[in-house]
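The block underneath contains the structure these notes are about, expressed in structure tokens.
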Amino acid sequence: MKSYFKLFFLFIILTEGIFIKGYSQTDSMNIRNSALKVFIDCNTCDIEFIKRKIDFVNYVRDTKEAQVHILFTRQVAGNGGREYSFVFIGEKEFTGKNDTLKFISQADNTSDEIRDRQVQYLKIGLMPYVSHTKLVDKLNIKYDNSDDKKEIVKDKWNSWVFRLSSNTWMNGESSYSSFNLWSNIEVKKITPDWKQIYRLGNSFRQSVFKIEDSPDFVTLNRSYDGSALIVKSLNGQWSAGLKINTGISTYNNYDLDMRLMPAIEYNFFPYKESSVKQFTIRFESGYEYSNYTDTTIFDKLTENLLLSQLSIAYKINKKWGSINTSISGSDYWHDLTKYDINLYSSLSIRIIKGLSVRLSGGGSFLRNQLSLRKEGASYEDILLRQQQVATDYSYFMSAGLSYTFGSIYNNIVNPRFDSTRMYFSN
């Protein structure tokens, strides 16, 4: 009998343990199932890192399943870093509950520092939604007051930012070798009222082709360029500016080319909304001086020209996708038949659940190739693209389609055997 009692009590203890464990798992599962469903609309974020750091929501693959749609955008900031924007769009029971959070990174921030801050702002932006779920009791809010007593430090650079960059690369094989060198200096100061950007750059490319029983065929391409952009904010939608461009290019037959172009721009939307939508029209008109390396097809070695340019651009980022399109045209005053028209457009749109299409393309109609060499390009120069040649147009096109289906949840992170790439964005 004692043995039966022992077995009976052991059975009760085991049953109770299993029941308690099962109840705990079920309770935890119910809470997890009620977690906020979030769709992150970002192609440049480190999504795996975000999932590891923010584990109190359910990540869904389709925007139609989401309770919160987070639209991520970024644009260059005046300090050399970037302005990151997170637009939180409430869906389903949170419809109409929207918010936008922004932060600006420093030019010397590492990718790790930037993604840490992205996670911080994502957590802050999610709190008003998570507070209405069962997981709210499991969250803690911490305030870091370590910087409260620090004195405000004056900017000894007065908002000026300097950037030096250089890059070299080479490749080759037994019958071919190539060496490329590129460098750039950029100085800029950007404030709400003024925008100043100055650049100097150069590039060098040498290619050597080894042909059996013949001397090596060597090609050289050099270019130097400089630019200045000065813009004054007139009000929330109007801006005025001055653009200066100068360059030397063996490819384009320029010993020196310089443009001086005053400009004015109007944005149909306030500039403060530029991370989400822009619709701008800009007009430029000014002077161009050209000193050619070789005589042109118009028997010119130097020219003084007046020209104008008109540009219209539209950009919008929404939860259904994005549109980026522009058209610009320029002409020379002395001969209105010498003009060009440039088109560009890209479209990314979600058609139905799980199905997305991406299209992009552009082209130019060219009637203003004033710098073409009179002697023309040799057969080798045409094949190797060492000189600009006459053309009526140029174009490019790209199209893509993707479709995903299956579980709506995508919370798990497992990087094992993921040798394709490791992506960190800044």
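FYI, nothing fancy with the structure tokens labels: chains A, B, ... in order, residues from 1 per chain, ligands from 1 as they appear.
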- Task: Please run DSSP on the backbone and report, as number ranges by chain, all residues within segment 281-373 of chain A that come out as strand (DSSP E or B).
- Result: A: 281-292, 296, 302-318, 321-332, 335-352, 355-366, 373
Please dump the current selection as a PDB file, in the first residue's frame; keep C-alpha atoms.
ATOM      1  CA  ILE A 281      10.146  73.462 -59.770  1.00  0.00           C
ATOM      2  CA  ARG A 282      13.519  75.157 -60.334  1.00  0.00           C
ATOM      3  CA  PHE A 283      14.635  77.645 -62.975  1.00  0.00           C
ATOM      4  CA  GLU A 284      18.293  78.450 -63.692  1.00  0.00           C
ATOM      5  CA  SER A 285      19.779  80.880 -66.175  1.00  0.00           C
ATOM      6  CA  GLY A 286      23.357  81.994 -66.636  1.00  0.00           C
ATOM      7  CA  TYR A 287      26.699  81.974 -68.423  1.00  0.00           C
ATOM      8  CA  GLU A 288      29.004  79.209 -69.689  1.00  0.00           C
ATOM      9  CA  TYR A 289      32.625  79.536 -70.807  1.00  0.00           C
ATOM     10  CA  SER A 290      34.178  76.634 -72.740  1.00  0.00           C
ATOM     11  CA  ASN A 291      37.801  76.155 -73.786  1.00  0.00           C
ATOM     12  CA  TYR A 292      38.110  72.986 -75.856  1.00  0.00           C
ATOM     13  CA  THR A 296      34.854  71.115 -82.244  1.00  0.00           C
ATOM     14  CA  THR A 302      36.533  78.684 -77.203  1.00  0.00           C
ATOM     15  CA  GLU A 303      32.951  79.779 -76.641  1.00  0.00           C
ATOM     16  CA  ASN A 304      31.012  82.211 -74.457  1.00  0.00           C
ATOM     17  CA  LEU A 305      27.423  81.063 -74.104  1.00  0.00           C
ATOM     18  CA  LEU A 306      24.179  81.950 -72.357  1.00  0.00           C
ATOM     19  CA  LEU A 307      21.820  79.145 -71.341  1.00  0.00           C
ATOM     20  CA  SER A 308      18.756  78.313 -69.231  1.00  0.00           C
ATOM     21  CA  GLN A 309      17.499  75.201 -67.487  1.00  0.00           C
ATOM     22  CA  LEU A 310      14.115  74.213 -66.052  1.00  0.00           C
ATOM     23  CA  SER A 311      13.644  71.226 -63.696  1.00  0.00           C
ATOM     24  CA  ILE A 312      10.506  69.714 -62.196  1.00  0.00           C
ATOM     25  CA  ALA A 313      10.737  66.911 -59.617  1.00  0.00           C
ATOM     26  CA  TYR A 314       8.190  64.977 -57.595  1.00  0.00           C
ATOM     27  CA  LYS A 315       8.980  62.570 -54.730  1.00  0.00           C
ATOM     28  CA  ILE A 316       6.644  60.847 -52.313  1.00  0.00           C
ATOM     29  CA  ASN A 317       7.020  58.050 -49.763  1.00  0.00           C
ATOM     30  CA  LYS A 318       3.852  56.314 -48.588  1.00  0.00           C
ATOM     31  CA  GLY A 321       5.212  52.458 -51.983  1.00  0.00           C
ATOM     32  CA  SER A 322       7.147  55.380 -53.388  1.00  0.00           C
ATOM     33  CA  ILE A 323       7.358  57.545 -56.493  1.00  0.00           C
ATOM     34  CA  ASN A 324      10.360  59.531 -57.667  1.00  0.00           C
ATOM     35  CA  THR A 325      10.130  61.297 -61.005  1.00  0.00           C
ATOM     36  CA  SER A 326      11.742  64.304 -62.630  1.00  0.00           C
ATOM     37  CA  ILE A 327      12.039  66.087 -65.946  1.00  0.00           C
ATOM     38  CA  SER A 328      14.558  68.752 -66.874  1.00  0.00           C
ATOM     39  CA  GLY A 329      15.552  70.593 -69.991  1.00  0.00           C
ATOM     40  CA  SER A 330      18.133  73.172 -71.018  1.00  0.00           C
ATOM     41  CA  ASP A 331      18.862  75.240 -74.109  1.00  0.00           C
ATOM     42  CA  TYR A 332      21.405  77.755 -75.393  1.00  0.00           C
ATOM     43  CA  ASP A 335      20.529  78.674 -80.980  1.00  0.00           C
ATOM     44  CA  LEU A 336      17.344  77.240 -79.469  1.00  0.00           C
ATOM     45  CA  THR A 337      17.793  74.040 -81.489  1.00  0.00           C
ATOM     46  CA  LYS A 338      20.723  73.207 -79.201  1.00  0.00           C
ATOM     47  CA  TYR A 339      18.920  71.709 -76.223  1.00  0.00           C
ATOM     48  CA  ASP A 340      18.555  68.589 -74.123  1.00  0.00           C
ATOM     49  CA  ILE A 341      15.645  66.971 -72.264  1.00  0.00           C
ATOM     50  CA  ASN A 342      16.217  64.521 -69.416  1.00  0.00           C
ATOM     51  CA  LEU A 343      13.646  62.189 -67.879  1.00  0.00           C
ATOM     52  CA  TYR A 344      13.842  59.941 -64.849  1.00  0.00           C
ATOM     53  CA  SER A 345      11.240  57.976 -62.951  1.00  0.00           C
ATOM     54  CA  SER A 346      11.107  55.179 -60.395  1.00  0.00           C
ATOM     55  CA  LEU A 347       8.079  53.462 -58.896  1.00  0.00           C
ATOM     56  CA  SER A 348       7.801  50.945 -56.087  1.00  0.00           C
ATOM     57  CA  ILE A 349       4.287  49.814 -55.242  1.00  0.00           C
ATOM     58  CA  ARG A 350       2.513  47.015 -53.394  1.00  0.00           C
ATOM     59  CA  ILE A 351      -0.193  45.727 -55.708  1.00  0.00           C
ATOM     60  CA  ILE A 352      -1.865  43.097 -53.520  1.00  0.00           C
ATOM     61  CA  LEU A 355       3.027  41.234 -54.367  1.00  0.00           C
ATOM     62  CA  SER A 356       5.279  44.204 -55.118  1.00  0.00           C
ATOM     63  CA  VAL A 357       6.514  45.681 -58.369  1.00  0.00           C
ATOM     64  CA  ARG A 358       9.513  47.973 -58.908  1.00  0.00           C
ATOM     65  CA  LEU A 359      10.099  49.967 -62.074  1.00  0.00           C
ATOM     66  CA  SER A 360      12.695  52.577 -62.950  1.00  0.00           C
ATOM     67  CA  GLY A 361      13.964  54.186 -66.081  1.00  0.00           C
ATOM     68  CA  GLY A 362      15.316  57.297 -67.636  1.00  0.00           C
ATOM     69  CA  GLY A 363      16.481  58.840 -70.843  1.00  0.00           C
ATOM     70  CA  SER A 364      17.919  61.915 -72.484  1.00  0.00           C
ATOM     71  CA  PHE A 365      17.263  63.589 -75.810  1.00  0.00           C
ATOM     72  CA  LEU A 366      20.504  65.297 -76.826  1.00  0.00           C
ATOM     73  CA  ARG A 373      35.777  66.818 -81.664  1.00  0.00           C
TER      74      ARG A 373
END
- Item | Shortest interatomic distance to Ala390 of chain A - which of A:Leu101, A:Ala240, A:Leu370, A:Ile197, counting only C-alpha atoms |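 For Ala390 of chain A, the nearest of the candidates is A:Leu370.
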- Item | Residue among A:Leu164, A:Val119, A:Val389, A:Met258 lying closest to Lys53 of chain A, counting only C-alpha atoms | A:Val119
- Query: From the set A:Ala228, A:Val218, A:Leu200, A:Ile114, which residue has the shortest atom-to-atom contact distance to Ser183 of chain A, counting only C-alpha atoms?
  - Reply: A:Leu200
- Item | DSSP alpha helix (DSSP H) selection over segment 235-426 of chain A, as JSON, numbers by chain | {"A": [379, 380, 381, 382, 383, 384]}
Based on the selection just made, write N, CA and C atoms of those residues as a compact mmCIF listing (two decimals), in the first residue's frame.
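Full text of selection-v2.txt as output:
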# COMPACT_ATOMS: atom_id res chain seq x y z
N TYR A 379 38.25 54.23 -84.07
CA TYR A 379 37.52 52.98 -83.84
C TYR A 379 37.79 52.47 -82.43
N GLU A 380 39.07 52.56 -82.00
CA GLU A 380 39.42 52.09 -80.65
C GLU A 380 38.76 52.96 -79.58
N ASP A 381 38.74 54.29 -79.79
CA ASP A 381 38.14 55.19 -78.81
C ASP A 381 36.64 54.93 -78.66
N ILE A 382 35.99 54.58 -79.76
CA ILE A 382 34.55 54.29 -79.71
C ILE A 382 34.31 53.01 -78.92
N LEU A 383 35.09 51.96 -79.22
CA LEU A 383 34.90 50.69 -78.54
C LEU A 383 35.20 50.79 -77.05
N LEU A 384 36.23 51.57 -76.71
CA LEU A 384 36.67 51.68 -75.31
C LEU A 384 36.04 52.88 -74.60
- Message: Between atom CA of Leu372 of chain A and atom CA of Asn252 of chain A, what is the distance in Å, rounded to a tenth?
- Response: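 Computed distance, atom CA of Leu372 of chain A to atom CA of Asn252 of chain A, equals 7.3 Å.
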- Message: If I take atom CA of Asp137 of chain A and atom CA of Val57 of chain A, how far is one from the other in Å, to one decimal?
- Response: 13.7 Å
- Task: May I have the residues within 7 Å of Ile104 of chain A as a VMD selection string, using only C-alpha atoms and disregarding those fewer than 6 positions away in the same chain?
- Result: chain A and resid 81 to 84
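Minimum distance to Gly78 of chain A across A:Asn158, A:Ser178, A:Ser207, A:Asn58 (counting only C-alpha atoms) occurs at A:Asn158.
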- Message: For Val87 of chain A, find every residue with an atom within 12 Å (counting only C-alpha atoms), except residues of its own chain fewer than 5 positions away, and show them as a ChimeraX atom specification.
- Response: /A:39-42,68-74,97-102,121-122,125-126,273,275-276,317-319
Output N, CA and C atoms of each residue in that selection to a file, as a CSV table (one decimal), in the first residue's frame.
chain,number,residue,atom,x,y,z
A,39,PHE,N,4.8,46.4,-39.2
A,39,PHE,CA,5.4,46.2,-40.5
A,39,PHE,C,6.4,47.4,-40.6
A,40,ILE,N,7.7,47.0,-40.8
A,40,ILE,CA,8.8,48.0,-41.0
A,40,ILE,C,9.1,48.2,-42.4
A,41,ASP,N,8.8,49.3,-43.0
A,41,ASP,CA,9.0,49.6,-44.4
A,41,ASP,C,10.4,50.3,-44.6
A,42,CYS,N,11.4,49.5,-44.7
A,42,CYS,CA,12.8,50.0,-44.8
A,42,CYS,C,13.7,49.0,-45.5
A,68,VAL,N,0.5,48.6,-36.9
A,68,VAL,CA,1.4,49.8,-37.1
A,68,VAL,C,2.3,49.6,-38.3
A,69,HIS,N,2.3,50.6,-39.2
A,69,HIS,CA,3.1,50.6,-40.4
A,69,HIS,C,4.2,51.7,-40.1
A,70,ILE,N,5.5,51.3,-40.1
A,70,ILE,CA,6.5,52.2,-39.9
A,70,ILE,C,7.2,52.5,-41.2
A,71,LEU,N,7.1,53.8,-41.7
A,71,LEU,CA,7.8,54.2,-42.9
A,71,LEU,C,9.1,54.9,-42.6
A,72,PHE,N,10.2,54.4,-43.1
A,72,PHE,CA,11.5,54.9,-42.8
A,72,PHE,C,12.0,55.7,-44.0
A,73,THR,N,12.5,56.9,-43.8
A,73,THR,CA,13.2,57.7,-44.8
A,73,THR,C,14.5,58.3,-44.3
A,74,ARG,N,15.3,58.7,-45.1
A,74,ARG,CA,16.6,59.4,-44.7
A,74,ARG,C,17.0,60.4,-45.8
A,97,LYS,N,-4.1,57.2,-35.5
A,97,LYS,CA,-3.1,57.5,-34.5
A,97,LYS,C,-1.7,57.4,-35.1
A,98,ASN,N,-1.2,58.6,-35.6
A,98,ASN,CA,0.0,58.7,-36.4
A,98,ASN,C,1.0,59.6,-35.6
A,99,ASP,N,2.3,59.4,-36.0
A,99,ASP,CA,3.3,60.2,-35.4
A,99,ASP,C,4.6,60.1,-36.2
A,100,THR,N,5.5,61.1,-36.1
A,100,THR,CA,6.8,61.1,-36.8
A,100,THR,C,7.9,61.5,-35.8
A,101,LEU,N,8.9,60.7,-35.8
A,101,LEU,CA,10.1,60.9,-35.0
A,101,LEU,C,11.3,61.1,-35.9
A,102,LYS,N,12.2,62.0,-35.5
A,102,LYS,CA,13.4,62.2,-36.3
A,102,LYS,C,14.7,62.4,-35.5
A,121,TYR,N,14.8,55.1,-31.1
A,121,TYR,CA,13.6,55.9,-31.6
A,121,TYR,C,12.5,55.0,-32.0
A,122,LEU,N,12.8,53.8,-32.5
A,122,LEU,CA,11.7,52.9,-32.8
A,122,LEU,C,10.9,52.5,-31.5
A,125,GLY,N,8.8,55.4,-30.3
A,125,GLY,CA,7.6,55.6,-31.2
A,125,GLY,C,6.6,54.5,-31.0
A,126,LEU,N,7.0,53.3,-30.6
A,126,LEU,CA,6.1,52.2,-30.5
A,126,LEU,C,5.3,52.2,-29.2
A,273,GLU,N,8.4,69.0,-44.8
A,273,GLU,CA,7.9,67.7,-45.1
A,273,GLU,C,8.7,67.0,-46.1
A,275,SER,N,11.1,64.9,-46.1
A,275,SER,CA,11.4,63.5,-46.0
A,275,SER,C,10.3,62.6,-46.4
A,276,VAL,N,9.1,63.1,-46.6
A,276,VAL,CA,7.9,62.3,-47.0
A,276,VAL,C,7.5,62.7,-48.4
A,317,ASN,N,6.9,59.3,-50.5
A,317,ASN,CA,7.0,58.1,-49.8
A,317,ASN,C,5.7,57.8,-49.0
A,318,LYS,N,5.1,56.7,-49.3
A,318,LYS,CA,3.9,56.3,-48.6
A,318,LYS,C,3.9,54.8,-48.2
A,319,LYS,N,3.0,54.4,-47.4
A,319,LYS,CA,3.0,53.0,-47.0
A,319,LYS,C,2.7,52.0,-48.2
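Checking A:Tyr198, A:Tyr251, A:Phe86, A:Phe209 one by one against Leu229 of chain A, counting only C-alpha atoms, you find the shortest gap at A:Tyr198.
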- Task: Rounded to one decimal place, report the atom CA of Arg199 of chain A-atom CA of Pro262 of chain A distance in Å.
- Result: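 So the answer is 17.8 Å.
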